[in-house]
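As stored in upload.csv (CSV, C-alpha atoms):
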```csv
chain,number,residue,atom,x,y,z
V,1,MET,CA,-75.0,110.5,52.8
V,2,ARG,CA,-72.1,108.0,52.7
V,3,ARG,CA,-71.9,104.9,50.5
V,4,VAL,CA,-69.3,102.1,50.8
V,5,SER,CA,-68.7,98.8,49.0
V,6,VAL,CA,-68.5,96.0,51.5
V,7,ASP,CA,-65.7,94.4,49.5
V,8,ASP,CA,-63.6,97.6,50.0
V,9,VAL,CA,-63.8,97.4,53.8
V,10,GLU,CA,-60.8,95.7,55.3
V,11,PRO,CA,-61.8,92.3,56.8
V,12,ARG,CA,-60.8,91.1,60.2
V,13,ALA,CA,-60.0,87.4,60.3
V,14,LEU,CA,-62.1,85.2,62.7
V,15,GLY,CA,-61.0,81.6,62.9
V,16,ASP,CA,-59.6,79.8,59.8
V,17,ALA,CA,-62.0,81.0,57.1
V,18,SER,CA,-64.4,83.5,58.8
V,19,GLU,CA,-64.3,87.3,58.8
V,20,ARG,CA,-65.9,90.4,60.1
V,21,ARG,CA,-66.1,93.8,58.3
V,22,ASP,CA,-67.0,96.8,60.4
V,23,LEU,CA,-69.3,99.0,58.2
V,24,ALA,CA,-70.2,101.6,60.8
V,25,ALA,CA,-66.9,103.4,60.8
V,26,PRO,CA,-66.6,103.9,57.0
V,27,LEU,CA,-70.3,104.9,56.9
V,28,GLY,CA,-69.8,107.4,59.7
V,29,ALA,CA,-72.7,105.8,61.7
V,30,THR,CA,-72.7,107.2,65.3
V,31,GLY,CA,-76.0,105.7,66.7
V,32,PHE,CA,-75.6,102.1,65.8
V,33,ALA,CA,-73.0,99.4,65.0
V,34,VAL,CA,-73.2,97.4,61.8
V,35,ASN,CA,-70.9,94.5,61.0
V,36,ARG,CA,-71.0,92.1,58.1
V,37,TYR,CA,-69.9,88.5,59.1
V,38,ARG,CA,-68.9,85.6,56.9
V,39,VAL,CA,-68.8,82.5,59.1
V,40,ALA,CA,-67.5,79.3,57.6
V,41,PRO,CA,-69.2,75.9,58.3
V,42,GLY,CA,-68.3,74.6,61.7
V,43,GLU,CA,-67.3,78.1,63.0
V,44,GLY,CA,-69.1,80.7,65.1
V,45,PHE,CA,-69.5,84.4,65.7
V,46,PRO,CA,-66.5,85.7,67.6
V,47,ALA,CA,-67.9,85.8,71.1
V,48,GLY,CA,-69.1,82.9,73.2
V,49,LEU,CA,-72.3,83.1,75.3
V,50,HIS,CA,-72.6,86.8,76.3
V,51,ALA,CA,-75.0,89.6,76.8
V,52,HIS,CA,-74.8,93.3,76.2
V,53,ALA,CA,-76.5,95.0,79.1
V,54,ASP,CA,-76.4,98.3,77.3
V,55,GLN,CA,-77.1,97.3,73.7
V,56,GLU,CA,-79.9,95.8,71.6
V,57,GLU,CA,-78.7,93.5,68.8
V,58,VAL,CA,-80.3,92.4,65.6
V,59,PHE,CA,-78.8,89.8,63.2
V,60,VAL,CA,-80.0,89.6,59.6
V,61,VAL,CA,-79.1,86.5,57.7
V,62,LEU,CA,-78.3,87.1,54.1
V,63,ALA,CA,-77.0,83.6,53.1
V,64,GLY,CA,-76.8,80.2,54.9
V,65,GLU,CA,-78.2,79.6,58.3
V,66,ALA,CA,-77.2,80.8,61.8
V,67,THR,CA,-78.0,78.8,64.9
V,68,PHE,CA,-78.3,80.9,68.0
V,69,GLU,CA,-78.1,79.5,71.5
V,70,THR,CA,-79.7,81.2,74.5
V,71,LEU,CA,-80.5,80.2,78.0
V,72,ASP,CA,-84.1,79.7,76.8
V,73,GLY,CA,-83.4,77.5,73.9
V,74,GLU,CA,-81.9,77.4,70.4
V,75,VAL,CA,-83.2,79.0,67.2
V,76,THR,CA,-82.1,78.6,63.6
V,77,VAL,CA,-82.4,81.8,61.5
V,78,GLY,CA,-82.3,81.3,57.7
V,79,ALA,CA,-81.5,83.6,54.7
V,80,GLY,CA,-84.1,86.4,54.6
V,81,GLU,CA,-84.8,86.2,58.3
V,82,ALA,CA,-83.8,88.2,61.3
V,83,VAL,CA,-83.5,87.8,65.1
V,84,ARG,CA,-83.4,90.4,67.9
V,85,PHE,CA,-81.8,90.1,71.3
V,86,VAL,CA,-82.8,92.6,74.0
V,87,PRO,CA,-80.2,94.2,76.3
V,88,GLY,CA,-79.2,91.6,78.9
V,89,GLU,CA,-80.2,88.5,76.9
V,90,PHE,CA,-77.4,85.9,76.7
V,91,GLN,CA,-76.7,84.5,73.2
V,92,THR,CA,-74.1,83.0,71.0
V,93,GLY,CA,-74.3,82.0,67.3
V,94,ARG,CA,-72.6,79.5,65.0
V,95,ASN,CA,-72.8,78.0,61.5
V,96,ASP,CA,-73.9,74.3,61.7
V,97,GLY,CA,-74.6,74.3,57.9
V,98,THR,CA,-72.5,73.1,55.0
V,99,VAL,CA,-72.2,76.5,53.2
V,100,ALA,CA,-70.9,79.9,54.4
V,101,LEU,CA,-73.2,82.0,56.7
V,102,VAL,CA,-73.3,85.7,55.7
V,103,ALA,CA,-75.1,88.0,58.2
V,104,LEU,CA,-75.4,91.6,59.2
V,105,ALA,CA,-75.1,92.3,62.9
V,106,LEU,CA,-76.7,95.6,64.1
V,107,GLY,CA,-76.4,97.0,67.6
V,108,ALA,CA,-77.8,100.1,69.2
V,109,PRO,CA,-76.3,102.2,70.7
V,110,ARG,CA,-73.1,101.8,68.6
V,111,GLU,CA,-70.7,101.4,71.5
V,112,SER,CA,-71.4,98.6,74.1
V,113,GLU,CA,-69.4,99.1,77.3
V,114,ASP,CA,-71.2,96.6,79.4
V,115,VAL,CA,-70.6,93.1,78.1
V,116,ARG,CA,-71.6,90.3,80.5
V,117,VAL,CA,-70.8,86.6,80.8
V,118,PRO,CA,-72.7,84.1,83.1
V,119,ARG,CA,-69.8,83.7,85.6
V,120,THR,CA,-70.9,83.4,89.3
V,121,CYS,CA,-69.1,85.7,91.8
V,122,PRO,CA,-67.2,83.8,94.5
V,123,LYS,CA,-67.8,86.7,96.9
V,124,CYS,CA,-71.5,87.8,96.4
V,125,ASP,CA,-72.8,84.8,94.4
V,126,ARG,CA,-74.2,87.1,91.6
V,127,GLY,CA,-74.7,85.2,88.4
V,128,ASP,CA,-73.4,87.6,85.7
V,129,VAL,CA,-70.1,89.5,85.5
V,130,ARG,CA,-69.0,92.5,83.5
V,131,VAL,CA,-66.0,91.8,81.2
V,132,ALA,CA,-63.5,94.6,81.4
V,133,GLY,CA,-60.5,95.0,79.2
V,134,GLY,CA,-57.3,96.8,80.3
V,135,GLU,CA,-53.6,97.0,79.9
V,136,ASP,CA,-53.1,93.7,81.8
V,137,GLY,CA,-55.7,91.9,79.7
V,138,VAL,CA,-59.3,90.9,80.4
V,139,ALA,CA,-60.8,91.1,83.9
V,140,PHE,CA,-64.1,90.0,85.4
V,141,VAL,CA,-65.8,92.7,87.5
V,142,TRP,CA,-69.0,92.0,89.5
V,143,PRO,CA,-71.3,95.0,89.6
V,144,ASP,CA,-72.9,94.3,93.0
V,145,CYS,CA,-69.9,93.9,95.2
V,146,GLY,CA,-67.1,95.3,93.1
V,147,ALA,CA,-65.0,92.1,93.2
V,148,GLU,CA,-62.5,91.9,90.3
V,149,ARG,CA,-60.7,88.8,89.2
V,150,SER,CA,-58.7,87.6,86.1
V,151,PRO,CA,-59.9,84.6,84.2
V,152,ALA,CA,-57.5,81.7,84.4
V,153,PRO,CA,-56.4,79.4,81.5
V,154,CYS,CA,-57.8,75.9,81.0
V,155,PRO,CA,-56.7,73.7,83.9
V,156,ASP,CA,-55.9,70.8,81.6
V,157,CYS,CA,-54.1,72.2,78.5
V,158,ARG,CA,-53.4,75.8,79.7
V,159,GLY,CA,-55.2,77.2,76.7
V,160,GLY,CA,-56.4,80.7,77.3
V,161,ASP,CA,-59.4,81.0,75.0
V,162,LEU,CA,-62.1,79.5,77.1
V,163,ARG,CA,-65.7,80.1,75.8
V,164,PHE,CA,-69.0,80.2,77.5
V,165,THR,CA,-71.8,78.2,75.9
V,166,VAL,CA,-74.9,76.3,77.1
V,167,THR,CA,-75.4,72.7,77.8
V,168,ARG,CA,-77.2,70.8,75.1
V,169,GLY,CA,-79.6,68.2,76.4
V,170,GLY,CA,-78.3,68.4,80.0
V,171,GLY,CA,-80.0,69.5,83.1
V,172,ARG,CA,-83.5,68.4,84.2
V,173,SER,CA,-86.4,67.9,81.8
V,174,ASP,CA,-90.1,68.0,82.5
V,175,GLY,CA,-90.7,65.4,79.7
V,176,GLY,CA,-92.7,67.8,77.6
V,177,GLY,CA,-90.1,70.0,76.1
V,178,GLU,CA,-86.5,71.1,76.0
V,179,SER,CA,-84.4,70.3,79.0
V,180,GLU,CA,-83.2,73.1,81.2
V,181,ARG,CA,-80.2,74.9,79.7
V,182,GLU,CA,-77.2,75.9,81.9
V,183,PRO,CA,-74.2,78.0,81.0
V,184,VAL,CA,-70.9,76.0,80.9
V,185,VAL,CA,-67.3,76.9,79.8
V,186,VAL,CA,-65.6,74.9,77.0
V,187,CYS,CA,-61.9,74.9,76.0
V,188,PRO,CA,-61.7,74.9,72.2
V,189,ASP,CA,-58.2,73.5,72.4
V,190,CYS,CA,-58.8,70.3,74.4
V,191,GLY,CA,-62.6,70.1,74.7
V,192,LEU,CA,-62.7,70.2,78.5
V,193,GLU,CA,-66.1,71.3,79.8
V,194,LEU,CA,-66.3,73.2,83.1
V,195,ASP,CA,-69.3,74.3,85.2
V,196,ASP,CA,-67.8,77.8,85.5
V,197,ALA,CA,-64.8,79.8,84.2
V,198,PRO,CA,-61.7,79.3,86.3
V,199,LEU,CA,-60.3,82.4,88.1
V,200,ASP,CA,-56.7,83.3,88.9
V,201,VAL,CA,-56.0,83.3,92.7
```

Just give me the structure of the file as structure tokens.
Amino acid sequence: MRRVSVDDVEPRALGDASERRDLAAPLGATGFAVNRYRVAPGEGFPAGLHAHADQEEVFVVLAGEATFETLDGEVTVGAGEAVRFVPGEFQTGRNDGTVALVALALGAPRESEDVRVPRTCPKCDRGDVRVAGGEDGVAFVWPDCGAERSPAPCPDCRGGDLRFTVTRGGGRSDGGGESEREPVVVCPDCGLELDDAPLDV
């Protein structure tokens, strides 16, 4: 048995006033990941729209509210509630409230080596790409054809932290429900919205 105090775990800063504390390592957990997030109002979890092809994720909200976006819609999860995302399900979360969001994120298995974003391949037209990290930075690798390209910075401001998200209220609507949701890329520096992530030539 291992026991830790969350306050004794070194936080990793996320944004101006948000943080993540990795609890799996000090607990010696080998089969699942567990992170405690504190997300300030107006900020989000660290990744934009993404999916873990090899990991199931559960978020348990301890305080505040989390708003999760998926390609199927949006869901708000309040304190005392939990939400599960199956492997391969695209999601991103944020704090739209006025108080801090505190949540536990659990993932199994612990290590996720197949993170995907909804970027279309220019070669084979596949709609999701594996994000690979290396010595030269992040690369996009398409599993079907093996194509590999580097993401490019924002074409307007040259900012390098473009984020995938979903359109809100865009696309077609059948009049009886939520309109179709499509992935888009947003530059947090200048606000430019693109249909797809730019790639280096």

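With atom CA of Pro122 of chain V on one side and atom CA of Pro143 of chain V on the other, the separation reads 12.9 Å.
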
Inset, instruction - Determine the nearest neighbour of Cys154 of chain V from the options V:Pro118, V:Val61, V:Gly191, V:Phe68, counting all atoms listed in the file. - result: V:Gly191

Legend entry - Residues near segment 80-93 of chain V, cut-off 10 Å, only C-alpha atoms, skip fewer than 5 positions along chain, as a PyMOL selection string: chain V and resi 39+43-75+103-108+114-118+128+164-166+183

Legend entry - Straight-line distance linking atom CA of Asp200 of chain V with atom CA of Glu182 of chain V, stated in Å to one decimal: 22.9 Å

Legend entry - Spatial neighbours of segment 9-15 of chain V, max dist 10 Å, only C-alpha atoms, sep filter under 4 positions, as a list in words: Val4, Ser5, Glu19, Arg20, Arg21, Asp22, Leu23, Ala25, Pro26, Arg36, Tyr37, Arg38, Val39, Ala40, Glu43, Gly44, Phe45 and Pro46 of chain V

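For Val138 of chain V, the residues within 10 Å (counting all atoms listed in the file, excluding itself and residues fewer than 5 positions away along the chain) are Val131, Ala132, Gly133, Arg149, Ser150 and Pro151 of chain V.
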
Legend entry - Residue among V:Val141, V:Ala100, V:Ala17, V:Ala197 lying closest to Pro153 of chain V, counting only C-alpha atoms: V:Ala197

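When atom CA of Asp195 of chain V is paired with atom CA of Ala139 of chain V, their separation reads 18.9 Å.
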
Inset, instruction - Pick out the residues sitting within 10 Å of Asp156 of chain V, and hand them over as a list in words; count all atoms listed in the file, and ignore anything fewer than 3 positions along from it in its own chain. - result: Pro153, Gly159, Cys187, Asp189, Cys190, Gly191 and Leu192 of chain V

Inset, instruction - Pick out the closest residue to Ala29 of chain V from this set: V:Glu135, V:Asp8, V:Asp161, V:Glu111. Count only C-alpha atoms. - result: V:Glu111

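Distances to Arg94 of chain V were evaluated for V:Trp142, V:Met1, V:Gly42, V:Pro198 using all atoms listed in the file, and the minimum falls at V:Gly42.
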